[in-house]
file structure32.cif (mmCIF, C-alpha atoms and all ligand atoms)
data_run
#
loop_
_atom_site.label_atom_id
_atom_site.label_comp_id
_atom_site.auth_asym_id
_atom_site.auth_seq_id
_atom_site.Cartn_x
_atom_site.Cartn_y
_atom_site.Cartn_z
CA MET A 20 -11.24 -31.08 1.95
CA THR A 21 -10.03 -28.94 -0.93
CA GLN A 22 -6.62 -29.19 -2.51
CA ARG A 23 -3.62 -27.43 -0.98
CA ASP A 24 -3.65 -23.73 -1.80
CA ASP A 25 -0.53 -23.57 -3.95
CA ALA A 26 -0.78 -19.86 -4.62
CA LEU A 27 -0.82 -18.96 -0.92
CA PHE A 28 1.79 -21.54 0.12
CA ALA A 29 4.16 -20.35 -2.58
CA ILE A 30 4.00 -16.92 -0.95
CA LEU A 31 4.59 -18.47 2.50
CA ASP A 32 7.62 -20.31 1.14
CA ARG A 33 9.06 -16.99 0.00
CA GLU A 34 8.52 -15.45 3.44
CA LEU A 35 10.22 -18.48 5.05
CA GLU A 36 13.14 -17.96 2.68
CA ARG A 37 13.29 -14.25 3.60
CA GLN A 38 13.34 -15.03 7.33
CA ASN A 39 15.98 -17.72 6.85
CA THR A 40 18.35 -15.75 4.64
CA THR A 41 18.21 -12.13 5.83
CA LEU A 42 18.91 -10.45 9.17
CA GLN A 43 15.87 -9.81 11.37
CA LEU A 44 16.65 -6.91 13.68
CA ILE A 45 13.20 -5.54 14.48
CA ALA A 46 13.26 -5.25 18.27
CA SER A 47 9.68 -6.47 18.69
CA GLU A 48 10.02 -9.63 16.60
CA ASN A 49 11.34 -13.12 17.25
CA PHE A 50 11.42 -16.63 15.78
CA ALA A 51 8.76 -18.80 17.45
CA SER A 52 9.53 -22.48 17.98
CA ARG A 53 8.07 -25.25 15.86
CA ALA A 54 5.91 -26.31 18.84
CA VAL A 55 4.46 -22.79 19.15
CA MET A 56 3.62 -22.78 15.45
CA GLU A 57 2.14 -26.29 15.58
CA ALA A 58 -0.21 -25.21 18.37
CA THR A 59 -1.15 -22.07 16.44
CA GLY A 60 -1.94 -24.24 13.40
CA SER A 61 -3.93 -26.83 15.37
CA VAL A 62 -7.61 -27.92 15.36
CA LEU A 63 -8.25 -25.52 18.22
CA THR A 64 -8.79 -22.88 15.54
CA ASN A 65 -12.18 -24.55 14.93
CA LYS A 66 -13.67 -23.95 18.38
CA TYR A 67 -15.82 -21.15 19.75
CA ALA A 68 -15.29 -20.63 23.48
CA GLU A 69 -16.73 -17.30 24.62
CA GLY A 70 -16.38 -17.07 28.37
CA TYR A 71 -13.78 -18.60 30.64
CA PRO A 72 -12.91 -22.15 31.77
CA GLY A 73 -15.95 -23.67 33.48
CA LYS A 74 -18.21 -20.80 32.32
CA ARG A 75 -18.57 -20.97 28.53
CA TYR A 76 -21.47 -19.94 26.33
CA TYR A 77 -21.08 -22.93 23.94
CA GLY A 78 -20.87 -26.67 24.48
CA GLY A 79 -17.91 -28.90 23.73
CA ASN A 80 -15.37 -26.85 25.65
CA GLN A 81 -14.16 -29.45 28.16
CA ILE A 82 -10.82 -29.88 26.38
CA ILE A 83 -10.52 -26.20 25.51
CA ASP A 84 -10.90 -25.46 29.23
CA GLU A 85 -7.86 -27.64 29.93
CA VAL A 86 -5.86 -25.68 27.35
CA GLU A 87 -6.77 -22.28 28.77
CA ASP A 88 -6.26 -23.44 32.36
CA LEU A 89 -2.82 -24.77 31.44
CA ALA A 90 -1.89 -21.43 29.87
CA ARG A 91 -3.17 -19.49 32.89
CA ASP A 92 -1.44 -21.77 35.40
CA ARG A 93 1.85 -21.65 33.55
CA VAL A 94 1.95 -17.89 33.15
CA THR A 95 0.95 -17.13 36.75
CA ALA A 96 3.71 -19.50 37.92
CA LEU A 97 6.24 -18.00 35.49
CA PHE A 98 5.75 -14.43 36.73
CA GLY A 99 4.42 -15.08 40.25
CA ALA A 100 1.06 -13.42 39.57
CA ASP A 101 -2.28 -13.91 41.36
CA HIS A 102 -4.34 -13.93 38.18
CA ALA A 103 -3.93 -14.14 34.41
CA ASN A 104 -6.16 -13.41 31.46
CA VAL A 105 -4.62 -15.05 28.40
CA GLN A 106 -7.35 -14.05 25.94
CA PRO A 107 -6.24 -10.61 24.66
CA HIS A 108 -5.65 -10.84 20.92
CA ALA A 109 -2.85 -8.24 21.12
CA GLY A 110 -1.01 -5.92 23.46
CA ALA A 111 -3.16 -2.91 22.52
CA ASN A 112 -6.31 -4.92 23.37
CA ALA A 113 -4.78 -5.91 26.69
CA ASN A 114 -4.08 -2.28 27.56
CA LEU A 115 -7.53 -1.14 26.47
CA ALA A 116 -9.15 -3.90 28.54
CA VAL A 117 -7.23 -2.72 31.62
CA CYS A 118 -8.42 0.84 31.01
CA LEU A 119 -12.02 -0.34 30.55
CA ALA A 120 -11.76 -2.34 33.77
CA LEU A 121 -10.17 0.28 35.99
CA LEU A 122 -10.91 3.74 34.59
CA LYS A 123 -13.97 5.84 33.81
CA PRO A 124 -14.15 7.94 30.65
CA GLY A 125 -12.41 11.26 31.23
CA ASP A 126 -9.99 9.89 33.87
CA LYS A 127 -6.35 10.89 33.56
CA LEU A 128 -3.97 8.26 32.20
CA MET A 129 -0.25 8.98 32.41
CA GLY A 130 2.24 7.26 30.10
CA MET A 131 5.46 7.82 28.23
CA ARG A 132 5.53 10.18 25.23
CA LEU A 133 5.08 8.34 21.96
CA ASP A 134 7.87 10.30 20.25
CA GLN A 135 10.24 9.39 23.08
CA GLY A 136 9.53 5.68 23.19
CA GLY A 137 5.98 5.19 24.55
CA HIS A 138 3.08 3.39 22.89
CA LEU A 139 -0.11 4.51 21.17
CA SER A 140 -2.26 2.67 23.72
CA HIS A 141 -0.73 4.63 26.63
CA GLY A 142 -3.04 7.64 26.18
CA GLN A 143 -2.09 9.01 22.75
CA PRO A 144 -4.72 11.30 21.17
CA VAL A 145 -4.86 9.25 17.93
CA ASN A 146 -5.65 6.09 19.92
CA ILE A 147 -8.87 5.27 21.76
CA SER A 148 -6.87 5.41 25.02
CA GLY A 149 -6.33 9.13 24.43
CA GLN A 150 -9.91 9.72 23.33
CA LEU A 151 -11.78 7.99 26.15
CA TYR A 152 -9.26 9.16 28.74
CA GLU A 153 -7.13 12.27 29.23
CA GLY A 154 -3.57 11.38 28.28
CA ILE A 155 -0.74 12.92 30.29
CA ALA A 156 2.78 12.26 29.00
CA TYR A 157 6.20 12.07 30.62
CA GLY A 158 9.41 11.86 28.64
CA VAL A 159 13.16 11.40 28.88
CA THR A 160 15.61 14.09 29.92
CA GLU A 161 17.41 16.28 27.40
CA SER A 162 20.71 15.64 29.14
CA ASP A 163 20.97 11.84 29.23
CA GLU A 164 17.87 10.78 27.26
CA ARG A 165 16.75 8.53 30.13
CA LEU A 166 13.71 8.49 32.38
CA ASP A 167 13.99 10.91 35.28
CA TYR A 168 11.88 9.46 38.08
CA ASP A 169 11.83 12.75 40.00
CA GLN A 170 10.27 14.48 36.98
CA ILE A 171 7.72 11.68 36.64
CA ARG A 172 6.90 11.95 40.34
CA ASP A 173 6.48 15.75 40.09
CA LEU A 174 4.21 15.39 37.06
CA ALA A 175 2.12 12.73 38.80
CA LYS A 176 1.78 14.96 41.87
CA LYS A 177 0.67 17.86 39.68
CA GLU A 178 -1.74 15.93 37.44
CA ARG A 179 -2.99 13.27 39.88
CA PRO A 180 -3.66 10.63 37.17
CA LYS A 181 -6.00 7.74 37.92
CA MET A 182 -3.46 5.36 36.42
CA VAL A 183 0.25 5.54 35.62
CA ILE A 184 1.69 3.33 32.89
CA ALA A 185 5.34 2.31 32.83
CA GLY A 186 6.71 0.61 29.75
CA ALA A 187 8.02 1.51 26.33
CA THR A 188 8.58 0.42 22.77
CA ALA A 189 11.78 2.34 22.17
CA TYR A 190 13.69 2.76 25.42
CA SER A 191 16.88 0.84 25.98
CA HIS A 192 17.26 0.85 29.77
CA VAL A 193 15.82 -0.88 32.80
CA ILE A 194 12.48 0.60 33.90
CA ASP A 195 12.36 0.42 37.70
CA PRO A 196 8.98 -0.94 38.84
CA GLU A 197 9.71 -0.25 42.51
CA ILE A 198 10.15 3.48 41.93
CA PHE A 199 6.99 3.61 39.82
CA ARG A 200 5.17 1.86 42.68
CA SER A 201 6.32 4.52 45.11
CA ILE A 202 5.18 7.27 42.72
CA CYS A 203 1.76 5.65 42.46
CA ASP A 204 1.53 5.19 46.23
CA GLU A 205 2.38 8.85 46.82
CA THR A 206 -0.19 10.06 44.30
CA GLY A 207 -2.96 7.50 44.77
CA ALA A 208 -2.66 6.20 41.21
CA LEU A 209 -3.13 2.69 39.92
CA PHE A 210 0.02 1.21 38.41
CA LEU A 211 0.04 -0.58 35.05
CA PHE A 212 3.36 -1.95 33.83
CA ASP A 213 3.31 -2.66 30.09
CA ALA A 214 6.04 -5.27 29.72
CA ALA A 215 5.36 -6.03 26.06
CA HIS A 216 8.94 -5.59 24.94
CA ILE A 217 10.71 -7.06 27.93
CA ALA A 218 8.44 -9.92 29.05
CA GLY A 219 11.02 -12.47 27.91
CA LEU A 220 13.83 -10.63 29.68
CA ILE A 221 11.76 -10.67 32.88
CA ALA A 222 10.86 -14.36 32.51
CA GLY A 223 14.52 -15.13 31.95
CA GLY A 224 15.66 -13.12 34.98
CA ALA A 225 17.53 -10.46 32.98
CA HIS A 226 15.23 -7.60 34.05
CA PRO A 227 13.33 -6.92 37.30
CA ASN A 228 9.89 -8.48 37.57
CA PRO A 229 7.18 -5.78 37.90
CA VAL A 230 4.51 -8.23 39.11
CA PRO A 231 5.23 -7.73 42.86
CA PHE A 232 4.89 -3.96 42.43
CA ALA A 233 2.23 -3.29 39.80
CA ASP A 234 -1.53 -3.59 40.08
CA VAL A 235 -1.59 -4.91 36.55
CA VAL A 236 1.06 -6.10 34.09
CA THR A 237 0.30 -6.44 30.39
CA PHE A 238 2.52 -7.90 27.71
CA THR A 239 2.60 -9.39 24.26
CA THR A 240 3.65 -12.97 23.86
CA HIS A 241 5.53 -12.69 20.55
CA LYS A 242 8.41 -10.32 21.32
CA THR A 243 11.24 -11.29 23.67
CA LEU A 244 8.94 -13.99 25.12
CA ARG A 245 9.13 -15.79 21.73
CA GLY A 246 5.58 -17.11 21.62
CA PRO A 247 2.66 -16.65 19.23
CA ARG A 248 1.31 -13.22 18.27
CA GLY A 249 -0.98 -12.19 21.14
CA GLY A 250 -1.45 -10.45 24.49
CA CYS A 251 -1.77 -11.30 28.17
CA ILE A 252 -2.82 -9.54 31.37
CA LEU A 253 -1.54 -10.35 34.86
CA SER A 254 -3.17 -8.75 37.85
CA THR A 255 -3.62 -8.86 41.57
CA ALA A 256 -6.60 -10.86 42.83
CA GLU A 257 -8.33 -7.56 43.62
CA HIS A 258 -8.64 -6.60 39.93
CA ALA A 259 -9.11 -10.07 38.44
CA ALA A 260 -12.89 -10.06 38.03
CA ALA A 261 -13.02 -6.55 36.56
CA ILE A 262 -10.28 -7.38 34.05
CA ASP A 263 -11.87 -10.65 32.96
CA LYS A 264 -15.18 -8.86 32.45
CA ALA A 265 -13.50 -6.11 30.45
CA VAL A 266 -11.77 -8.58 28.08
CA PHE A 267 -14.97 -10.59 27.60
CA PRO A 268 -17.72 -9.53 27.16
CA GLY A 269 -16.43 -5.95 27.33
CA LEU A 270 -14.00 -5.86 24.43
CA GLN A 271 -13.52 -9.15 22.59
CA GLY A 272 -15.66 -12.01 21.34
CA GLY A 273 -14.51 -15.61 20.98
CA PRO A 274 -10.99 -16.20 22.28
CA LEU A 275 -8.36 -17.55 19.86
CA GLU A 276 -7.85 -20.87 21.65
CA HIS A 277 -5.27 -22.10 19.12
CA VAL A 278 -3.19 -19.03 20.00
CA ILE A 279 -3.86 -19.55 23.72
CA ALA A 280 -2.52 -23.11 23.30
CA ALA A 281 0.59 -21.66 21.66
CA LYS A 282 0.91 -19.17 24.53
CA ALA A 283 0.88 -22.16 26.92
CA VAL A 284 3.75 -23.69 24.91
CA ALA A 285 5.70 -20.42 25.06
CA PHE A 286 5.18 -20.07 28.83
CA HIS A 287 6.52 -23.60 29.26
CA GLU A 288 9.53 -22.85 27.06
CA ALA A 289 10.22 -19.62 28.96
CA ALA A 290 10.29 -21.56 32.25
CA GLN A 291 13.17 -23.76 31.08
CA PRO A 292 16.74 -23.08 32.30
CA GLU A 293 17.96 -22.47 28.73
CA PHE A 294 15.54 -19.57 28.39
CA ARG A 295 17.45 -17.80 31.16
CA ASP A 296 20.60 -18.15 29.08
CA TYR A 297 18.71 -16.85 26.07
CA ALA A 298 17.39 -13.75 27.87
CA HIS A 299 20.83 -12.83 29.20
CA GLN A 300 22.43 -13.45 25.80
CA VAL A 301 19.88 -11.10 24.17
CA VAL A 302 21.15 -8.31 26.43
CA THR A 303 24.81 -9.27 25.96
CA ASN A 304 24.31 -9.24 22.21
CA ALA A 305 22.56 -5.86 22.31
CA ARG A 306 25.48 -4.38 24.26
CA ALA A 307 27.96 -5.86 21.78
CA LEU A 308 26.01 -4.57 18.79
CA ALA A 309 25.68 -1.10 20.33
CA ALA A 310 29.41 -0.90 21.02
CA ALA A 311 30.25 -2.04 17.50
CA LEU A 312 27.81 0.47 15.97
CA ALA A 313 29.45 3.24 18.00
CA GLY A 314 32.73 2.08 16.48
CA GLU A 315 31.16 2.58 13.02
CA GLY A 316 30.44 6.23 13.84
CA PHE A 317 26.81 6.01 14.95
CA ARG A 318 25.55 7.69 18.13
CA LEU A 319 23.66 5.49 20.55
CA VAL A 320 20.75 7.39 22.08
CA SER A 321 21.20 7.52 25.89
CA GLY A 322 24.69 6.11 25.48
CA GLY A 323 23.84 2.45 24.94
CA THR A 324 21.55 -0.31 26.09
CA ASP A 325 20.63 -2.49 29.06
CA ASN A 326 17.97 -4.49 27.26
CA HIS A 327 17.23 -6.09 23.89
CA MET A 328 17.30 -3.00 21.71
CA MET A 329 19.05 0.24 20.93
CA LEU A 330 18.12 3.51 19.31
CA VAL A 331 20.65 4.85 16.84
CA ASP A 332 20.99 8.54 16.01
CA LEU A 333 22.11 8.59 12.37
CA ARG A 334 23.11 12.27 12.24
CA PRO A 335 26.71 12.02 13.47
CA PHE A 336 27.27 9.22 10.92
CA ASP A 337 25.76 11.24 8.07
CA ALA A 338 23.74 14.41 8.64
CA ASP A 339 21.77 13.87 5.41
CA LEU A 340 20.83 10.25 6.10
CA THR A 341 17.26 9.85 7.37
CA GLY A 342 15.83 6.83 9.15
CA LYS A 343 13.52 6.27 6.19
CA VAL A 344 16.35 6.09 3.66
CA ALA A 345 18.46 3.97 6.03
CA GLN A 346 15.62 1.46 6.53
CA GLU A 347 14.99 1.24 2.77
CA THR A 348 18.70 0.91 1.97
CA LEU A 349 19.20 -1.82 4.55
CA ASP A 350 16.12 -3.65 3.29
CA ARG A 351 17.79 -3.83 -0.12
CA ALA A 352 20.90 -5.25 1.56
CA GLY A 353 18.92 -7.95 3.42
CA ILE A 354 18.96 -6.23 6.82
CA THR A 355 15.48 -5.73 8.30
CA LEU A 356 14.95 -3.10 10.98
CA ASN A 357 12.79 -0.02 11.46
CA LYS A 358 13.20 3.72 11.31
CA ASN A 359 12.40 5.36 14.63
CA GLN A 360 12.20 8.85 16.01
CA ILE A 361 14.89 9.72 18.52
CA PRO A 362 14.16 12.02 21.47
CA ASN A 363 13.52 15.58 20.22
CA ASP A 364 13.81 14.41 16.63
CA PRO A 365 13.55 17.33 14.18
CA ARG A 366 12.19 14.96 11.54
CA SER A 367 8.65 13.51 11.33
CA PRO A 368 7.73 9.93 12.39
CA PHE A 369 7.59 8.98 8.69
CA VAL A 370 11.13 10.20 8.03
CA THR A 371 12.98 10.22 11.39
CA SER A 372 16.65 10.64 12.26
CA GLY A 373 17.00 7.25 13.88
CA LEU A 374 16.83 3.50 13.70
CA ARG A 375 15.62 0.99 16.28
CA ILE A 376 17.64 -2.22 16.32
CA GLY A 377 16.96 -5.33 18.38
CA THR A 378 18.69 -8.63 19.08
CA PRO A 379 15.90 -11.08 20.13
CA SER A 380 15.52 -12.80 16.74
CA MET A 381 19.15 -13.23 15.82
CA THR A 382 19.94 -14.43 19.36
CA THR A 383 17.27 -17.11 18.93
CA ALA A 384 18.99 -18.03 15.67
CA GLY A 385 22.17 -18.65 17.68
CA MET A 386 24.24 -15.53 17.02
CA ARG A 387 26.65 -14.27 19.67
CA GLU A 388 28.98 -11.27 20.13
CA PRO A 389 31.24 -11.92 17.08
CA GLU A 390 28.19 -11.95 14.81
CA MET A 391 26.99 -8.67 16.38
CA GLU A 392 30.28 -7.07 15.35
CA ALA A 393 29.82 -8.44 11.84
CA ILE A 394 26.27 -7.06 11.68
CA ALA A 395 27.43 -3.59 12.74
CA ALA A 396 30.09 -3.65 10.03
CA LEU A 397 27.51 -4.70 7.41
CA ILE A 398 25.14 -1.90 8.48
CA GLY A 399 27.93 0.68 8.32
CA ARG A 400 29.11 -0.58 4.93
CA ALA A 401 25.62 -0.57 3.40
CA LEU A 402 24.81 2.92 4.64
CA ARG A 403 28.18 4.38 3.61
CA HIS A 404 27.71 2.99 0.08
CA ARG A 405 23.96 3.47 -0.20
CA GLU A 406 24.18 4.90 -3.75
CA ASP A 407 26.32 1.98 -4.96
CA GLN A 408 24.14 -0.98 -6.01
CA ALA A 409 27.10 -3.29 -6.54
CA GLU A 410 28.27 -2.67 -2.97
CA LEU A 411 24.74 -3.23 -1.63
CA ASP A 412 24.61 -6.49 -3.59
CA GLY A 413 27.91 -7.43 -1.94
CA VAL A 414 26.52 -6.69 1.53
CA ARG A 415 23.48 -8.79 0.71
CA ARG A 416 25.69 -11.72 -0.28
CA ASP A 417 27.62 -11.40 2.98
CA VAL A 418 24.33 -11.21 4.91
CA ASN A 419 23.15 -14.40 3.19
CA LEU A 420 26.44 -16.10 4.04
CA LEU A 421 26.19 -15.08 7.70
CA CYS A 422 22.55 -16.20 7.91
CA SER A 423 23.38 -19.54 6.28
CA LYS A 424 25.28 -20.42 9.48
CA PHE A 425 22.38 -19.32 11.75
CA THR A 426 19.22 -20.42 9.97
CA PRO A 427 16.18 -20.18 12.27
CA TYR A 428 14.11 -22.73 10.33
CA PRO A 429 16.49 -25.17 8.62
CA GLY A 430 14.93 -27.70 6.33
N1 LIG B 501 4.63 -2.60 17.11
C1 LIG B 501 5.24 -2.75 18.40
C2 LIG B 501 6.69 -2.47 18.37
O1 LIG B 501 7.29 -2.66 17.34
O2 LIG B 501 7.26 -2.05 19.36
C3 LIG B 501 4.55 -1.96 19.43
O3 LIG B 501 3.20 -2.23 19.40
#
call {"tool": "encode", "arguments": {"input": "structure32.cif", "output": "structure tokens", "more": "lines below"}}
Ligand code: DSN
result
Amino acid sequence: MTQRDDALFAILDRELERQNTTLQLIASENFASRAVMEATGSVLTNKYAEGYPGKRYYGGNQIIDEVEDLARDRVTALFGADHANVQPHAGANANLAVCLALLKPGDKLMGMRLDQGGHLSHGQPVNISGQLYEGIAYGVTESDERLDYDQIRDLAKKERPKMVIAGATAYSHVIDPEIFRSICDETGALFLFDAAHIAGLIAGGAHPNPVPFADVVTFTTHKTLRGPRGGCILSTAEHAAAIDKAVFPGLQGGPLEHVIAAKAVAFHEAAQPEFRDYAHQVVTNARALAAALAGEGFRLVSGGTDNHMMLVDLRPFDADLTGKVAQETLDRAGITLNKNQIPNDPRSPFVTSGLRIGTPSMTTAGMREPEMEAIAALIGRALRHREDQAELDGVRRDVNLLCSKFTPYPG
């Protein structure tokens, strides 16, 4: 074995320091447990295992099969699904595999508009899902910036898509799987629920479970679910074989069994009673943060949040402040989040008029409602004084102080 790679590990130490000492408010991130990271860093990284448990193309997979079976058993029990494929390397792969399994090139695929909170893999023209298939997009209303199920139903009746996707990356309310099911039943469409953002809220009982209603549910394991970076597909028994075939050999090669082991750890953690408390606290914290941000003069898109994130319209706070400048300013103050378009944003996706802010990470770190109020005040202060370096330095010191009481990886 060679010596420890000091150059690389010095960089890792700096990233650990950044995560420990600054506020992580990106809605799609979280702090994985030590057990999840130990599994990800285990000897399973050494093993090739194309195929599925009991049907591998290489020898030596008896123990690997136990790992993958454990992950599949745990996740089907957690969500009440017939079948799971735990091999997708990412959420986008999971969605593409579902499309490969259930659609033919040229079929219509209906999903939420990207600029109103959807995802690239839901039929966007710049993504393969919008190139192999014909993307049809529904959005939110102008009046309340929420999904209007009657509009979605009308669009589905007009377009007759082969598959309808529910799910979002920047939408702060409950997405009703039962209504989507009825829309799909009325129009003869397949129903895919992309639960990437809210899988942890579902596992923890804070949001409705789409599994009883959808043909297929995809999600990532690293967002609210708090596992390793990766994807997962749940399906009815009817679609199981087609989905497995689409993931491998259709789309991917050797599965990342070290990550699958870490997914098994995360599914176990998400089944514990304390995870229910966590999921509900994520939502409570998001509501508290949204209310406090409103008190700072920001407008909450759609009036607030029912999940782990919120979209902030910066214009009432300061008409000249773009999402890009706000993100960069807050980065300098030790507050990490992302610029985001708001519905009908006059600015481009690279500039934007909004911010997306999420509570999963800081809730894992132990923060509660009083800390959410403190965070809102720090955001307001930094953005009000964005030209004043001394003030930004002061915010950064206060951020460090706050984080020192809620360190995700002490020691
Ligand atoms: N990048 C993810 C997010 O931040 O929502 C979506 O893929």
call {"tool": "closest_residue", "arguments": {"input": "structure32.cif", "among": "A:Thr206, A:Ser321, A:Thr341, A:Thr239", "to": "ligand LIG 501 (chain B)", "atoms": "all atoms listed in the file"}}
result
A:Thr239
call {"tool": "closest_atom_pairs", "arguments": {"input": "structure32.cif", "of": "chain A", "to": "ligand LIG 501 (chain B)", "cutoff": "12 Å", "atoms": "all atoms listed in the file", "output": "JSON lines"}}
result
{"residue": "A:Leu44", "atom": "CA", "partner": "B:LIG501", "partner_atom": "O1", "distance": 10.9}
{"residue": "A:Ile45", "atom": "CA", "partner": "B:LIG501", "partner_atom": "O1", "distance": 7.2}
{"residue": "A:Ala46", "atom": "CA", "partner": "B:LIG501", "partner_atom": "O1", "distance": 6.6}
{"residue": "A:Ser47", "atom": "CA", "partner": "B:LIG501", "partner_atom": "O1", "distance": 4.7}
{"residue": "A:Glu48", "atom": "CA", "partner": "B:LIG501", "partner_atom": "O1", "distance": 7.5}
{"residue": "A:Asn49", "atom": "CA", "partner": "B:LIG501", "partner_atom": "O1", "distance": 11.2}
{"residue": "A:Ala109", "atom": "CA", "partner": "B:LIG501", "partner_atom": "O3", "distance": 8.7}
{"residue": "A:Gly110", "atom": "CA", "partner": "B:LIG501", "partner_atom": "O3", "distance": 6.9}
{"residue": "A:Ala111", "atom": "CA", "partner": "B:LIG501", "partner_atom": "O3", "distance": 7.1}
{"residue": "A:Asn112", "atom": "CA", "partner": "B:LIG501", "partner_atom": "O3", "distance": 10.7}
{"residue": "A:Ala113", "atom": "CA", "partner": "B:LIG501", "partner_atom": "O3", "distance": 11.4}
{"residue": "A:Asn114", "atom": "CA", "partner": "B:LIG501", "partner_atom": "O3", "distance": 10.9}
{"residue": "A:Leu133", "atom": "CA", "partner": "B:LIG501", "partner_atom": "C3", "distance": 10.6}
{"residue": "A:Gly136", "atom": "CA", "partner": "B:LIG501", "partner_atom": "O2", "distance": 8.9}
{"residue": "A:Gly137", "atom": "CA", "partner": "B:LIG501", "partner_atom": "C3", "distance": 8.9}
{"residue": "A:His138", "atom": "CA", "partner": "B:LIG501", "partner_atom": "C3", "distance": 6.5}
{"residue": "A:Leu139", "atom": "CA", "partner": "B:LIG501", "partner_atom": "O3", "distance": 7.7}
{"residue": "A:Ser140", "atom": "CA", "partner": "B:LIG501", "partner_atom": "O3", "distance": 8.5}
{"residue": "A:His141", "atom": "CA", "partner": "B:LIG501", "partner_atom": "O3", "distance": 10.7}
{"residue": "A:Gly186", "atom": "CA", "partner": "B:LIG501", "partner_atom": "O2", "distance": 10.7}
{"residue": "A:Ala187", "atom": "CA", "partner": "B:LIG501", "partner_atom": "O2", "distance": 7.9}
{"residue": "A:Thr188", "atom": "CA", "partner": "B:LIG501", "partner_atom": "O2", "distance": 4.4}
{"residue": "A:Ala189", "atom": "CA", "partner": "B:LIG501", "partner_atom": "O2", "distance": 6.9}
{"residue": "A:Tyr190", "atom": "CA", "partner": "B:LIG501", "partner_atom": "O2", "distance": 10.1}
{"residue": "A:Asp213", "atom": "CA", "partner": "B:LIG501", "partner_atom": "O3", "distance": 10.7}
{"residue": "A:Ala214", "atom": "CA", "partner": "B:LIG501", "partner_atom": "C3", "distance": 10.9}
{"residue": "A:Ala215", "atom": "CA", "partner": "B:LIG501", "partner_atom": "C3", "distance": 7.8}
{"residue": "A:His216", "atom": "CA", "partner": "B:LIG501", "partner_atom": "O2", "distance": 6.8}
{"residue": "A:Ile217", "atom": "CA", "partner": "B:LIG501", "partner_atom": "O2", "distance": 10.5}
{"residue": "A:Phe238", "atom": "CA", "partner": "B:LIG501", "partner_atom": "O3", "distance": 10.1}
{"residue": "A:Thr239", "atom": "CA", "partner": "B:LIG501", "partner_atom": "O3", "distance": 8.7}
{"residue": "A:Thr240", "atom": "CA", "partner": "B:LIG501", "partner_atom": "O3", "distance": 11.6}
{"residue": "A:His241", "atom": "CA", "partner": "B:LIG501", "partner_atom": "C1", "distance": 10.2}
{"residue": "A:Lys242", "atom": "CA", "partner": "B:LIG501", "partner_atom": "C2", "distance": 8.6}
{"residue": "A:Thr243", "atom": "CA", "partner": "B:LIG501", "partner_atom": "O2", "distance": 10.9}
{"residue": "A:Arg248", "atom": "CA", "partner": "B:LIG501", "partner_atom": "C1", "distance": 11.2}
{"residue": "A:Gly249", "atom": "CA", "partner": "B:LIG501", "partner_atom": "O3", "distance": 10.9}
{"residue": "A:Gly250", "atom": "CA", "partner": "B:LIG501", "partner_atom": "O3", "distance": 10.7}
{"residue": "A:His327", "atom": "CA", "partner": "B:LIG501", "partner_atom": "O2", "distance": 11.7}
{"residue": "A:Met328", "atom": "CA", "partner": "B:LIG501", "partner_atom": "O2", "distance": 10.4}
{"residue": "A:Leu356", "atom": "CA", "partner": "B:LIG501", "partner_atom": "O1", "distance": 10.0}
{"residue": "A:Asn357", "atom": "CA", "partner": "B:LIG501", "partner_atom": "O1", "distance": 8.5}
{"residue": "A:Lys358", "atom": "CA", "partner": "B:LIG501", "partner_atom": "O1", "distance": 10.6}
{"residue": "A:Asn359", "atom": "CA", "partner": "B:LIG501", "partner_atom": "O1", "distance": 9.9}
{"residue": "A:Leu374", "atom": "CA", "partner": "B:LIG501", "partner_atom": "O1", "distance": 11.9}
{"residue": "A:Arg375", "atom": "CA", "partner": "B:LIG501", "partner_atom": "O1", "distance": 9.2}
{"residue": "A:Ile376", "atom": "CA", "partner": "B:LIG501", "partner_atom": "O1", "distance": 10.4}
{"residue": "A:Gly377", "atom": "CA", "partner": "B:LIG501", "partner_atom": "O1", "distance": 10.1}
call {"tool": "closest_residue", "arguments": {"input": "structure32.cif", "among": "A:Leu42, A:Leu122, A:Met381, A:Leu174", "to": "Val418 in chain A", "atoms": "only C-alpha atoms"}}
result
A:Leu42
call {"tool": "closest_residue", "arguments": {"input": "structure32.cif", "among": "A:Ala51, A:Met129, A:Pro144, A:Tyr157", "to": "Cys203 in chain A", "atoms": "all atoms listed in the file"}}
result
A:Met129
call {"tool": "residues_around", "arguments": {"input": "structure32.cif", "residues": "Ala259 in chain A", "least_positions_apart": "6", "cutoff": "9 Å", "atoms": "all atoms listed in the file", "output": "list in words"}}
result
Asp101, His102, Ala103, Asn104 and Leu253 of chain A
call {"tool": "closest_residue", "arguments": {"input": "structure32.cif", "among": "A:Leu270, A:Val193, A:Ile198, A:Leu35", "to": "Tyr428 in chain A", "atoms": "all atoms listed in the file"}}
result
A:Leu35
call {"tool": "atom_distance", "arguments": {"input": "structure32.cif", "atom1": "CA of Phe98 in chain A", "atom2": "CA of Ala256 in chain A"}}
result
14.2 Å
